[in-house]
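Containing mmCIF, C-alpha atoms: model_14.cif.
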```
data_my_file
#
loop_
_atom_site.group_PDB
_atom_site.id
_atom_site.type_symbol
_atom_site.label_atom_id
_atom_site.label_comp_id
_atom_site.auth_asym_id
_atom_site.auth_seq_id
_atom_site.Cartn_x
_atom_site.Cartn_y
_atom_site.Cartn_z
ATOM 1 C CA MET Q 1 -17.360 -72.195 24.037
ATOM 2 C CA PRO Q 2 -17.098 -69.223 21.661
ATOM 3 C CA ALA Q 3 -13.854 -67.307 21.883
ATOM 4 C CA GLN Q 4 -15.353 -64.093 20.590
ATOM 5 C CA LEU Q 5 -18.661 -62.287 21.017
ATOM 6 C CA THR Q 6 -20.612 -61.615 17.831
ATOM 7 C CA ALA Q 7 -23.255 -59.099 18.978
ATOM 8 C CA LEU Q 8 -21.217 -56.109 20.050
ATOM 9 C CA PRO Q 9 -21.771 -53.166 17.684
ATOM 10 C CA SER Q 10 -19.975 -50.770 20.037
ATOM 11 C CA VAL Q 11 -16.942 -53.065 20.058
ATOM 12 C CA ARG Q 12 -16.949 -53.219 16.272
ATOM 13 C CA ARG Q 13 -16.937 -49.425 16.205
ATOM 14 C CA LEU Q 14 -14.156 -49.481 18.759
ATOM 15 C CA LEU Q 15 -11.826 -51.946 17.081
ATOM 16 C CA GLY Q 16 -12.703 -52.040 13.398
ATOM 17 C CA GLY Q 17 -12.475 -55.053 11.128
ATOM 18 C CA ALA Q 18 -8.725 -54.926 10.608
ATOM 19 C CA THR Q 19 -7.971 -54.884 14.306
ATOM 20 C CA LEU Q 20 -10.440 -57.696 14.982
ATOM 21 C CA ALA Q 21 -8.719 -59.761 12.342
ATOM 22 C CA ALA Q 22 -5.349 -59.017 13.917
ATOM 23 C CA LEU Q 23 -6.631 -60.130 17.301
ATOM 24 C CA ALA Q 24 -8.010 -63.326 15.841
ATOM 25 C CA ALA Q 25 -4.659 -64.061 14.222
ATOM 26 C CA GLY Q 26 -2.751 -63.308 17.408
ATOM 27 C CA ALA Q 27 -1.400 -59.934 18.446
ATOM 28 C CA GLY Q 28 1.889 -61.036 19.962
ATOM 29 C CA ALA Q 29 4.013 -59.330 17.290
ATOM 30 C CA ALA Q 30 1.939 -56.142 17.162
ATOM 31 C CA PRO Q 31 2.662 -53.054 19.271
ATOM 32 C CA ALA Q 32 0.791 -52.978 22.565
ATOM 33 C CA THR Q 33 -2.593 -51.299 22.546
ATOM 34 C CA THR Q 34 -2.349 -48.436 25.041
ATOM 35 C CA VAL Q 35 -5.337 -48.107 27.360
ATOM 36 C CA LEU Q 36 -6.093 -45.453 29.967
ATOM 37 C CA PHE Q 37 -8.718 -45.899 32.691
ATOM 38 C CA VAL Q 38 -9.999 -42.600 34.142
ATOM 39 C CA GLY Q 39 -12.318 -42.776 37.131
ATOM 40 C CA ASN Q 40 -12.714 -42.948 40.889
ATOM 41 C CA SER Q 41 -13.116 -45.717 43.467
ATOM 42 C CA PHE Q 42 -15.612 -47.439 41.171
ATOM 43 C CA THR Q 43 -12.570 -48.038 38.967
ATOM 44 C CA PHE Q 44 -9.745 -48.391 41.477
ATOM 45 C CA GLY Q 45 -11.393 -50.677 44.007
ATOM 46 C CA GLU Q 46 -12.936 -50.936 47.437
ATOM 47 C CA PRO Q 47 -12.577 -48.280 50.157
ATOM 48 C CA ALA Q 48 -10.122 -48.362 53.042
ATOM 49 C CA GLY Q 49 -11.138 -50.825 55.724
ATOM 50 C CA ALA Q 50 -12.765 -53.319 53.357
ATOM 51 C CA PRO Q 51 -11.840 -56.934 54.088
ATOM 52 C CA ALA Q 52 -8.929 -58.530 52.242
ATOM 53 C CA PRO Q 53 -8.215 -59.581 49.570
ATOM 54 C CA SER Q 54 -8.173 -56.178 47.916
ATOM 55 C CA VAL Q 55 -8.953 -55.321 44.310
ATOM 56 C CA LYS Q 56 -7.333 -51.922 44.883
ATOM 57 C CA ALA Q 57 -4.064 -53.646 45.805
ATOM 58 C CA TYR Q 58 -4.308 -56.305 43.080
ATOM 59 C CA ARG Q 59 -1.141 -56.630 40.952
ATOM 60 C CA PRO Q 60 -0.212 -52.921 40.830
ATOM 61 C CA ASP Q 61 3.081 -53.838 39.178
ATOM 62 C CA THR Q 62 1.239 -54.880 35.996
ATOM 63 C CA VAL Q 63 -0.236 -51.430 35.296
ATOM 64 C CA THR Q 64 0.941 -47.810 35.400
ATOM 65 C CA ASP Q 65 -0.722 -45.566 37.974
ATOM 66 C CA LEU Q 66 -0.214 -42.057 36.583
ATOM 67 C CA ASN Q 67 -0.766 -40.592 40.047
ATOM 68 C CA GLY Q 68 1.962 -42.782 41.547
ATOM 69 C CA ALA Q 69 -0.347 -44.212 44.216
ATOM 70 C CA GLY Q 70 0.466 -47.839 43.429
ATOM 71 C CA ILE Q 71 -3.109 -48.856 42.598
ATOM 72 C CA GLY Q 72 -3.990 -51.968 40.613
ATOM 73 C CA GLY Q 73 -7.776 -52.069 40.744
ATOM 74 C CA VAL Q 74 -10.058 -52.958 37.861
ATOM 75 C CA PRO Q 75 -7.339 -51.967 35.353
ATOM 76 C CA ALA Q 76 -5.065 -54.687 36.764
ATOM 77 C CA LEU Q 77 -7.882 -57.249 36.595
ATOM 78 C CA PHE Q 78 -8.433 -56.238 32.972
ATOM 79 C CA LYS Q 79 -4.703 -56.572 32.296
ATOM 80 C CA THR Q 80 -4.684 -60.087 33.761
ATOM 81 C CA PHE Q 81 -7.628 -61.115 31.578
ATOM 82 C CA THR Q 82 -5.923 -59.801 28.441
ATOM 83 C CA GLU Q 83 -2.747 -61.727 29.246
ATOM 84 C CA GLU Q 84 -4.761 -64.911 29.742
ATOM 85 C CA ALA Q 85 -6.426 -64.259 26.385
ATOM 86 C CA GLY Q 86 -3.052 -63.840 24.675
ATOM 87 C CA LEU Q 87 -3.560 -60.124 23.978
ATOM 88 C CA HIS Q 88 -1.024 -57.326 24.283
ATOM 89 C CA TYR Q 89 -2.270 -54.274 26.198
ATOM 90 C CA ASP Q 90 -0.295 -51.564 27.976
ATOM 91 C CA VAL Q 91 -2.648 -50.418 30.749
ATOM 92 C CA SER Q 92 -2.565 -47.164 32.722
ATOM 93 C CA LEU Q 93 -4.954 -45.519 35.180
ATOM 94 C CA GLU Q 94 -5.630 -42.108 36.640
ATOM 95 C CA THR Q 95 -8.125 -42.086 39.500
ATOM 96 C CA ILE Q 96 -9.371 -39.612 42.106
ATOM 97 C CA PRO Q 97 -11.567 -40.724 45.052
ATOM 98 C CA GLY Q 98 -15.115 -39.382 44.876
ATOM 99 C CA ALA Q 99 -14.459 -37.532 41.626
ATOM 100 C CA GLY Q 100 -16.497 -36.779 38.554
ATOM 101 C CA LEU Q 101 -15.040 -36.275 35.106
ATOM 102 C CA HIS Q 102 -14.948 -32.525 35.674
ATOM 103 C CA ASP Q 103 -12.325 -33.113 38.394
ATOM 104 C CA HIS Q 104 -10.082 -35.026 36.010
ATOM 105 C CA TYR Q 105 -10.516 -32.335 33.364
ATOM 106 C CA HIS Q 106 -9.669 -29.440 35.659
ATOM 107 C CA LYS Q 107 -7.030 -31.128 37.840
ATOM 108 C CA LYS Q 108 -5.380 -33.843 35.749
ATOM 109 C CA LEU Q 109 -5.667 -32.879 32.095
ATOM 110 C CA GLY Q 110 -1.918 -32.316 31.823
ATOM 111 C CA THR Q 111 -1.341 -35.819 33.197
ATOM 112 C CA ILE Q 112 -3.825 -37.711 31.038
ATOM 113 C CA ALA Q 113 -3.978 -35.807 27.720
ATOM 114 C CA LYS Q 114 -1.585 -38.041 25.791
ATOM 115 C CA ALA Q 115 -1.705 -40.162 22.650
ATOM 116 C CA TRP Q 116 -3.656 -43.221 23.828
ATOM 117 C CA ASP Q 117 -5.225 -45.890 21.631
ATOM 118 C CA LEU Q 118 -8.212 -46.291 23.962
ATOM 119 C CA VAL Q 119 -9.568 -44.317 26.914
ATOM 120 C CA LEU Q 120 -12.274 -45.524 29.319
ATOM 121 C CA LEU Q 121 -14.077 -42.777 31.261
ATOM 122 C CA GLN Q 122 -16.057 -43.399 34.469
ATOM 123 C CA SER Q 123 -17.679 -40.523 36.355
ATOM 124 C CA TYR Q 124 -19.398 -39.963 39.718
ATOM 125 C CA SER Q 125 -21.696 -42.756 40.877
ATOM 126 C CA THR Q 126 -24.898 -40.658 40.986
ATOM 127 C CA LEU Q 127 -23.935 -38.734 37.803
ATOM 128 C CA ASP Q 128 -23.802 -35.476 39.792
ATOM 129 C CA ALA Q 129 -22.914 -35.403 43.497
ATOM 130 C CA LYS Q 130 -25.042 -32.302 44.145
ATOM 131 C CA HIS Q 131 -27.899 -33.208 41.802
ATOM 132 C CA PRO Q 132 -28.226 -37.026 41.702
ATOM 133 C CA GLY Q 133 -29.454 -38.323 38.381
ATOM 134 C CA ASN Q 134 -28.608 -35.179 36.408
ATOM 135 C CA PRO Q 135 -26.295 -36.087 33.497
ATOM 136 C CA ASP Q 136 -25.376 -32.552 32.424
ATOM 137 C CA MET Q 137 -21.894 -32.556 33.981
ATOM 138 C CA LEU Q 138 -21.166 -35.993 32.551
ATOM 139 C CA VAL Q 139 -22.301 -34.937 29.086
ATOM 140 C CA LYS Q 140 -20.197 -31.766 29.145
ATOM 141 C CA TYR Q 141 -16.959 -33.150 30.514
ATOM 142 C CA SER Q 142 -16.940 -36.499 28.730
ATOM 143 C CA GLY Q 143 -17.183 -34.491 25.521
ATOM 144 C CA LEU Q 144 -14.399 -32.113 26.540
ATOM 145 C CA LEU Q 145 -12.128 -34.982 27.553
ATOM 146 C CA ALA Q 146 -12.854 -36.831 24.319
ATOM 147 C CA GLU Q 147 -11.819 -33.702 22.405
ATOM 148 C CA ALA Q 148 -8.594 -33.460 24.418
ATOM 149 C CA PHE Q 149 -7.689 -37.080 23.710
ATOM 150 C CA HIS Q 150 -8.508 -36.708 20.016
ATOM 151 C CA ASP Q 151 -6.252 -33.673 19.838
ATOM 152 C CA LYS Q 152 -3.371 -35.936 20.891
ATOM 153 C CA ASN Q 153 -4.376 -38.917 18.736
ATOM 154 C CA PRO Q 154 -7.150 -38.484 16.146
ATOM 155 C CA LYS Q 155 -7.575 -42.283 16.042
ATOM 156 C CA VAL Q 156 -8.130 -42.710 19.787
ATOM 157 C CA ARG Q 157 -11.303 -44.505 20.834
ATOM 158 C CA VAL Q 158 -13.101 -43.179 23.896
ATOM 159 C CA MET Q 159 -15.676 -45.298 25.734
ATOM 160 C CA LEU Q 160 -17.776 -44.649 28.827
ATOM 161 C CA THR Q 161 -18.264 -47.073 31.734
ATOM 162 C CA ALA Q 162 -21.777 -46.909 33.204
ATOM 163 C CA THR Q 163 -21.773 -47.991 36.858
ATOM 164 C CA TRP Q 164 -24.120 -49.736 39.291
ATOM 165 C CA SER Q 165 -26.979 -49.102 41.658
ATOM 166 C CA ARG Q 166 -25.784 -48.152 45.116
ATOM 167 C CA ALA Q 167 -27.603 -50.063 47.834
ATOM 168 C CA ASP Q 168 -27.301 -47.093 50.195
ATOM 169 C CA GLN Q 169 -29.001 -44.848 47.628
ATOM 170 C CA THR Q 170 -31.870 -47.305 47.162
ATOM 171 C CA TRP Q 171 -32.617 -48.934 50.515
ATOM 172 C CA LYS Q 172 -31.930 -46.018 52.871
ATOM 173 C CA PRO Q 173 -34.568 -43.253 53.308
ATOM 174 C CA GLU Q 174 -32.004 -40.544 52.595
ATOM 175 C CA GLY Q 175 -31.054 -42.124 49.263
ATOM 176 C CA ALA Q 176 -31.940 -40.378 46.008
ATOM 177 C CA TRP Q 177 -33.454 -43.624 44.661
ATOM 178 C CA TYR Q 178 -35.241 -44.639 47.870
ATOM 179 C CA GLY Q 179 -38.494 -46.467 47.207
ATOM 180 C CA LYS Q 180 -37.481 -47.515 43.691
ATOM 181 C CA PRO Q 181 -36.403 -51.008 42.570
ATOM 182 C CA ILE Q 182 -32.740 -51.785 43.125
ATOM 183 C CA ALA Q 183 -32.163 -51.941 39.361
ATOM 184 C CA GLN Q 184 -33.490 -48.436 38.686
ATOM 185 C CA MET Q 185 -30.426 -46.424 39.648
ATOM 186 C CA ALA Q 186 -28.209 -48.389 37.249
ATOM 187 C CA VAL Q 187 -30.768 -47.879 34.477
ATOM 188 C CA ASP Q 188 -30.908 -44.137 35.153
ATOM 189 C CA VAL Q 189 -27.113 -43.936 35.230
ATOM 190 C CA ARG Q 190 -26.962 -45.793 31.913
ATOM 191 C CA HIS Q 191 -29.392 -43.304 30.375
ATOM 192 C CA GLY Q 192 -27.069 -40.502 31.500
ATOM 193 C CA TYR Q 193 -24.091 -42.174 29.846
ATOM 194 C CA ASP Q 194 -26.142 -42.783 26.713
ATOM 195 C CA ALA Q 195 -26.875 -39.051 26.609
ATOM 196 C CA ALA Q 196 -23.149 -38.321 26.808
ATOM 197 C CA ASP Q 197 -22.438 -40.860 24.061
ATOM 198 C CA ALA Q 198 -25.105 -39.324 21.828
ATOM 199 C CA ALA Q 199 -23.878 -35.768 22.452
ATOM 200 C CA SER Q 200 -20.331 -36.353 21.203
ATOM 201 C CA PRO Q 201 -19.318 -37.953 17.896
ATOM 202 C CA LEU Q 202 -15.928 -38.590 19.492
ATOM 203 C CA ILE Q 203 -17.328 -41.124 22.000
ATOM 204 C CA ASP Q 204 -17.572 -44.737 20.868
ATOM 205 C CA GLY Q 205 -20.146 -46.351 23.114
ATOM 206 C CA VAL Q 206 -21.075 -47.286 26.666
ATOM 207 C CA ILE Q 207 -19.939 -50.339 28.631
ATOM 208 C CA PRO Q 208 -22.957 -51.716 30.576
ATOM 209 C CA VAL Q 209 -21.398 -52.552 33.947
ATOM 210 C CA GLY Q 210 -24.394 -51.472 36.032
ATOM 211 C CA GLU Q 211 -26.736 -53.539 33.907
ATOM 212 C CA ALA Q 212 -24.479 -56.563 34.340
ATOM 213 C CA TRP Q 213 -24.957 -56.076 38.101
ATOM 214 C CA ASN Q 214 -28.718 -55.866 37.530
ATOM 215 C CA ARG Q 215 -28.590 -59.099 35.556
ATOM 216 C CA ALA Q 216 -26.684 -60.879 38.348
ATOM 217 C CA ILE Q 217 -29.338 -59.763 40.837
ATOM 218 C CA ALA Q 218 -32.312 -60.566 38.610
ATOM 219 C CA GLY Q 219 -30.901 -64.020 37.892
ATOM 220 C CA GLY Q 220 -30.527 -64.878 41.576
ATOM 221 C CA LEU Q 221 -26.746 -65.010 41.636
ATOM 222 C CA ALA Q 222 -26.460 -61.854 43.765
ATOM 223 C CA ASP Q 223 -28.540 -60.665 46.713
ATOM 224 C CA PRO Q 224 -30.536 -57.476 46.014
ATOM 225 C CA ASN Q 225 -30.523 -56.051 49.555
ATOM 226 C CA PRO Q 226 -27.435 -56.306 51.763
ATOM 227 C CA TYR Q 227 -29.222 -54.525 54.611
ATOM 228 C CA ASP Q 228 -31.410 -57.545 55.429
ATOM 229 C CA GLY Q 229 -28.594 -60.097 55.209
ATOM 230 C CA ILE Q 230 -27.199 -62.096 52.312
ATOM 231 C CA THR Q 231 -29.344 -65.034 51.272
ATOM 232 C CA ALA Q 232 -27.604 -68.404 51.482
ATOM 233 C CA GLY Q 233 -26.124 -69.386 48.142
ATOM 234 C CA GLN Q 234 -26.020 -65.819 46.858
ATOM 235 C CA ILE Q 235 -23.131 -63.364 46.649
ATOM 236 C CA ASN Q 236 -22.929 -59.734 47.725
ATOM 237 C CA LEU Q 237 -21.836 -57.398 44.927
ATOM 238 C CA TRP Q 238 -21.352 -54.518 47.371
ATOM 239 C CA ALA Q 239 -18.584 -53.810 49.853
ATOM 240 C CA PRO Q 240 -19.565 -53.518 53.560
ATOM 241 C CA ASP Q 241 -20.391 -49.828 53.035
ATOM 242 C CA ASN Q 242 -23.168 -50.879 50.596
ATOM 243 C CA TYR Q 243 -21.786 -48.307 48.156
ATOM 244 C CA HIS Q 244 -18.600 -49.591 46.529
ATOM 245 C CA GLY Q 245 -18.153 -53.009 44.969
ATOM 246 C CA SER Q 246 -17.053 -56.183 46.693
ATOM 247 C CA ILE Q 247 -14.430 -58.380 45.045
ATOM 248 C CA HIS Q 248 -17.351 -60.033 43.211
ATOM 249 C CA GLY Q 249 -18.726 -56.683 42.075
ATOM 250 C CA TYR Q 250 -15.384 -55.438 40.777
ATOM 251 C CA TYR Q 251 -14.659 -58.786 39.153
ATOM 252 C CA LEU Q 252 -17.941 -58.509 37.249
ATOM 253 C CA GLU Q 253 -17.047 -54.951 36.252
ATOM 254 C CA ALA Q 254 -13.657 -56.042 34.925
ATOM 255 C CA LEU Q 255 -15.191 -58.942 32.994
ATOM 256 C CA THR Q 256 -17.693 -56.627 31.334
ATOM 257 C CA VAL Q 257 -14.992 -54.127 30.403
ATOM 258 C CA PHE Q 258 -12.773 -56.934 29.086
ATOM 259 C CA GLY Q 259 -15.495 -58.289 26.823
ATOM 260 C CA ALA Q 260 -16.564 -54.869 25.566
ATOM 261 C CA VAL Q 261 -13.032 -53.697 24.783
ATOM 262 C CA THR Q 262 -11.526 -56.843 23.289
ATOM 263 C CA GLY Q 263 -14.549 -58.540 21.725
ATOM 264 C CA LYS Q 264 -13.571 -61.707 23.572
ATOM 265 C CA ASP Q 265 -16.254 -63.742 25.309
ATOM 266 C CA PRO Q 266 -15.654 -63.508 29.098
ATOM 267 C CA ARG Q 267 -16.640 -67.177 29.350
ATOM 268 C CA SER Q 268 -13.459 -68.055 27.470
ATOM 269 C CA LEU Q 269 -11.492 -67.222 30.645
ATOM 270 C CA GLY Q 270 -12.977 -70.278 32.332
ATOM 271 C CA ALA Q 271 -13.111 -71.773 35.806
ATOM 272 C CA SER Q 272 -9.355 -71.638 36.316
ATOM 273 C CA GLU Q 273 -9.139 -67.888 35.633
ATOM 274 C CA ARG Q 274 -6.141 -66.529 37.556
ATOM 275 C CA ALA Q 275 -7.491 -63.301 39.052
ATOM 276 C CA ALA Q 276 -10.497 -65.090 40.541
ATOM 277 C CA HIS Q 277 -8.206 -67.617 42.159
ATOM 278 C CA GLU Q 278 -5.933 -64.904 43.543
ATOM 279 C CA LEU Q 279 -8.883 -62.935 44.928
ATOM 280 C CA GLY Q 280 -10.458 -66.000 46.534
ATOM 281 C CA ILE Q 281 -13.452 -66.231 44.193
ATOM 282 C CA ASP Q 282 -14.424 -69.889 43.837
ATOM 283 C CA PRO Q 283 -14.512 -71.375 40.314
ATOM 284 C CA ALA Q 284 -18.282 -71.840 40.225
ATOM 285 C CA THR Q 285 -18.871 -68.196 41.122
ATOM 286 C CA ALA Q 286 -16.202 -66.995 38.694
ATOM 287 C CA THR Q 287 -17.801 -68.852 35.803
ATOM 288 C CA ALA Q 288 -21.262 -67.648 36.835
ATOM 289 C CA LEU Q 289 -20.025 -64.044 36.750
ATOM 290 C CA GLN Q 290 -18.377 -64.680 33.385
ATOM 291 C CA ARG Q 291 -21.751 -65.911 32.054
ATOM 292 C CA ILE Q 292 -23.484 -62.797 33.380
ATOM 293 C CA ALA Q 293 -20.978 -60.476 31.685
ATOM 294 C CA ALA Q 294 -21.249 -62.385 28.403
ATOM 295 C CA ALA Q 295 -25.050 -62.322 28.472
ATOM 296 C CA GLN Q 296 -25.128 -58.578 29.114
ATOM 297 C CA LEU Q 297 -22.617 -57.833 26.379
ATOM 298 C CA ALA Q 298 -24.683 -59.861 23.925
ATOM 299 C CA GLN Q 299 -27.414 -57.225 24.273
ATOM 300 C CA PRO Q 300 -25.524 -54.075 25.312
ATOM 301 C CA ASN Q 301 -28.404 -51.666 24.593
ATOM 302 C CA ALA Q 302 -30.908 -53.349 26.917
ATOM 303 C CA HIS Q 303 -31.889 -51.222 29.919
#
```

Please lay out the structure from this file as structure tokens.
Amino acid sequence: MPAQLTALPSVRRLLGGATLAALAAGAGAAPATTVLFVGNSFTFGEPAGAPAPSVKAYRPDTVTDLNGAGIGGVPALFKTFTEEAGLHYDVSLETIPGAGLHDHYHKKLGTIAKAWDLVLLQSYSTLDAKHPGNPDMLVKYSGLLAEAFHDKNPKVRVMLTATWSRADQTWKPEGAWYGKPIAQMAVDVRHGYDAADAASPLIDGVIPVGEAWNRAIAGGLADPNPYDGITAGQINLWAPDNYHGSIHGYYLEALTVFGAVTGKDPRSLGASERAAHELGIDPATATALQRIAAAQLAQPNAH
């Protein structure tokens, strides 16, 4: 199986030829690439009360939580994948429950505005809590944060993580996407992130997590509607609240981020991948999710 994806223009912008060559040769002797994840529960893991095992509590000792809350989350999954791939990343996170990027800018700028090599920004799940689907706040504050990070390190790369369709926003009458296909919210969210990417020359692309979820649903791996029960042989990407991710949903997110950031094919992690084993994801499902992430990253601009 290929060890590296070949159709990732955003990754090539992110890393550059020299860095890709260094990765291919082995980065053990190079300084660690510093990575900061900024987001909310769509980055740090499932809500309180979700069944164990917990992505939020996964290997918090392997990453640095700048808020001191002891969270592992998707950043710790990413860290595990990079170790398995023989890469050297120093991973940090700063997360606020239910927050948009404006919250991080106004409340945590002094904490996060440092000289990072790479920053991943993830905003509120509906783009705007008060005006679902409106990308204006995302566009404004992703640009402002990108400027703040570039002030600290002109070579920093800033990427955006576009999130998934919420089942509660699609299948419930009070949802902003009620009556639309389950895939539509993720597509609309991606368009919002694309607008933010286009608005700032300091942003280096969008990671298509929500579209990877759409692909898992369209391909029959994941059930599209948790409200009518989970079809036998399918997985549920959502947590019991039908809002956050399940361990499968967050695992798919982490795989997509891993592939987009490193240029490595998620399928190279294989059936014996450690995080899947530790979270209780069976090998067949783990490899199926790896295939989904790889397929989505091979055509990152598809909506």

Show me, as JSON lines, the residues of segment 38-127 of chain Q having an atom within 10 Å of segment 195-216 of chain Q, each with the closest atom pair and its distance in Å, using all atoms listed in the file.
```
{"residue": "Q:Leu118", "atom": "CA", "partner": "Q:Asp204", "partner_atom": "CA", "distance": 10.0}
{"residue": "Q:Val119", "atom": "CA", "partner": "Q:Ile203", "partner_atom": "CA", "distance": 9.7}
{"residue": "Q:Leu120", "atom": "CA", "partner": "Q:Ile207", "partner_atom": "CA", "distance": 9.1}
{"residue": "Q:Leu121", "atom": "CA", "partner": "Q:Val206", "partner_atom": "CA", "distance": 9.5}
{"residue": "Q:Gln122", "atom": "CA", "partner": "Q:Ile207", "partner_atom": "CA", "distance": 9.9}
```

Handout entry: Evaluate the PyMOL selection byres ((chain Q and resi 267) around 9) and report residues as a list in words
Key = Met1, Pro2, Ala3, Lys264, Asp265, Pro266, Ser268, Leu269, Gly270, Ala271, Thr287, Ala288, Leu289, Gln290, Arg291, Ala293 and Ala294 of chain Q

Handout entry: Resolved residues for the PyMOL selection byres ((chain Q and resi 34) around 6) as a PyMOL selection string
Key = chain Q and resi 33+35+89-90+116-117

Problem - Residues matched by the PyMOL selection byres ((chain Q and resi 51-54) around 9), written as a ChimeraX atom specification - result: /Q:45-46,48-50,55-58,73,239-240,246-247,278-280

At a cut-off of 7 Å from (-7.1, -48.8, 37.0) in the coordinates of the file, what residues are picked up using all atoms listed in the file, written as an mmCIF file with C-alpha atoms, in the frame of the given file?
```cif
data_model
loop_
_atom_site.group_PDB
_atom_site.id
_atom_site.type_symbol
_atom_site.label_atom_id
_atom_site.label_comp_id
_atom_site.auth_asym_id
_atom_site.auth_seq_id
_atom_site.Cartn_x
_atom_site.Cartn_y
_atom_site.Cartn_z
ATOM 1 C CA PHE Q 37 -8.718 -45.899 32.691
ATOM 2 C CA THR Q 43 -12.570 -48.038 38.967
ATOM 3 C CA PHE Q 44 -9.745 -48.391 41.477
ATOM 4 C CA ILE Q 71 -3.109 -48.856 42.598
ATOM 5 C CA GLY Q 72 -3.990 -51.968 40.613
ATOM 6 C CA GLY Q 73 -7.776 -52.069 40.744
ATOM 7 C CA VAL Q 74 -10.058 -52.958 37.861
ATOM 8 C CA PRO Q 75 -7.339 -51.967 35.353
ATOM 9 C CA ALA Q 76 -5.065 -54.687 36.764
ATOM 10 C CA SER Q 92 -2.565 -47.164 32.722
ATOM 11 C CA LEU Q 93 -4.954 -45.519 35.180
ATOM 12 C CA GLU Q 94 -5.630 -42.108 36.640
#
```

Handout entry: Within 9 Å of Arg274 of chain Q using only C-alpha atoms, minus same-chain residues under 6 positions, as a ChimeraX atom specification
Key = /Q:80-81,84

Would you give the centre and edge lengths, in Å to one decimal, of a box along x, y and z around the listed atoms of segment 56-74 of chain Q, with 4 Å added to each side, as lines of an AutoDock Vina configuration file?
```
center_x = -3.5
center_y = -48.6
center_z = 40.6
size_x = 21.1
size_y = 24.0
size_z = 18.5
```

Could you list, as a short mmCIF file (atom, residue, chain, number, x, y, z; two decimals) with C-alpha atoms, in the frame of the given file, every residue within 10 Å of Thr111 of chain Q, counting all atoms listed in the file and ignoring same-chain residues fewer than 5 positions away?
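Okay, around.cif is ready:
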```cif
data_model
loop_
_atom_site.label_atom_id
_atom_site.label_comp_id
_atom_site.auth_asym_id
_atom_site.auth_seq_id
_atom_site.Cartn_x
_atom_site.Cartn_y
_atom_site.Cartn_z
CA LEU Q 66 -0.21 -42.06 36.58
CA ASN Q 67 -0.77 -40.59 40.05
CA GLU Q 94 -5.63 -42.11 36.64
CA HIS Q 104 -10.08 -35.03 36.01
CA TYR Q 105 -10.52 -32.34 33.36
#
```

Completion exercise
A straight line from atom CA of Tyr243 of chain Q to atom CA of Tyr227 of chain Q spans 11.6 Å

Exercise for the section: Write out as a list of chain:residue names each polymer residue whose atoms come within 7 Å of Asn236 of chain Q, counting only C-alpha atoms; drop sequence neighbours fewer than 6 positions from it. Expected result: Q:Ala222, Q:Asp223, Q:Pro226, Q:Ile230, Q:Ser246

Problem - Residue with smallest distance to Leu138 of chain Q - pool Q:Ala167, Q:Trp177, Q:Asp151, Q:Arg190, counting all atoms listed in the file - result: Q:Arg190

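Across Q:Tyr193, Q:Phe42, Q:Phe78, Q:Phe149, the tightest approach to Gly133 of chain Q is made by Q:Tyr193 when counting all atoms listed in the file.
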
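Distance-wise, atom CA of His244 of chain Q and atom CA of Trp164 of chain Q end up 9.1 Å apart.
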
Problem - Straight-line distance linking atom CA of Val63 of chain Q with atom CA of Pro154 of chain Q, stated in Å to one decimal - result: 24.1 Å

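The protein and nucleic acid residues lying at most 9 Å from Ala176 of chain Q are Q:Thr126, Q:Pro132, Q:Gly133, Q:Gln169, Q:Thr170, Q:Lys172, Q:Pro173, Q:Glu174, Q:Tyr178, Q:Met185, with all atoms listed in the file considered and sequence neighbours fewer than 2 positions away removed.
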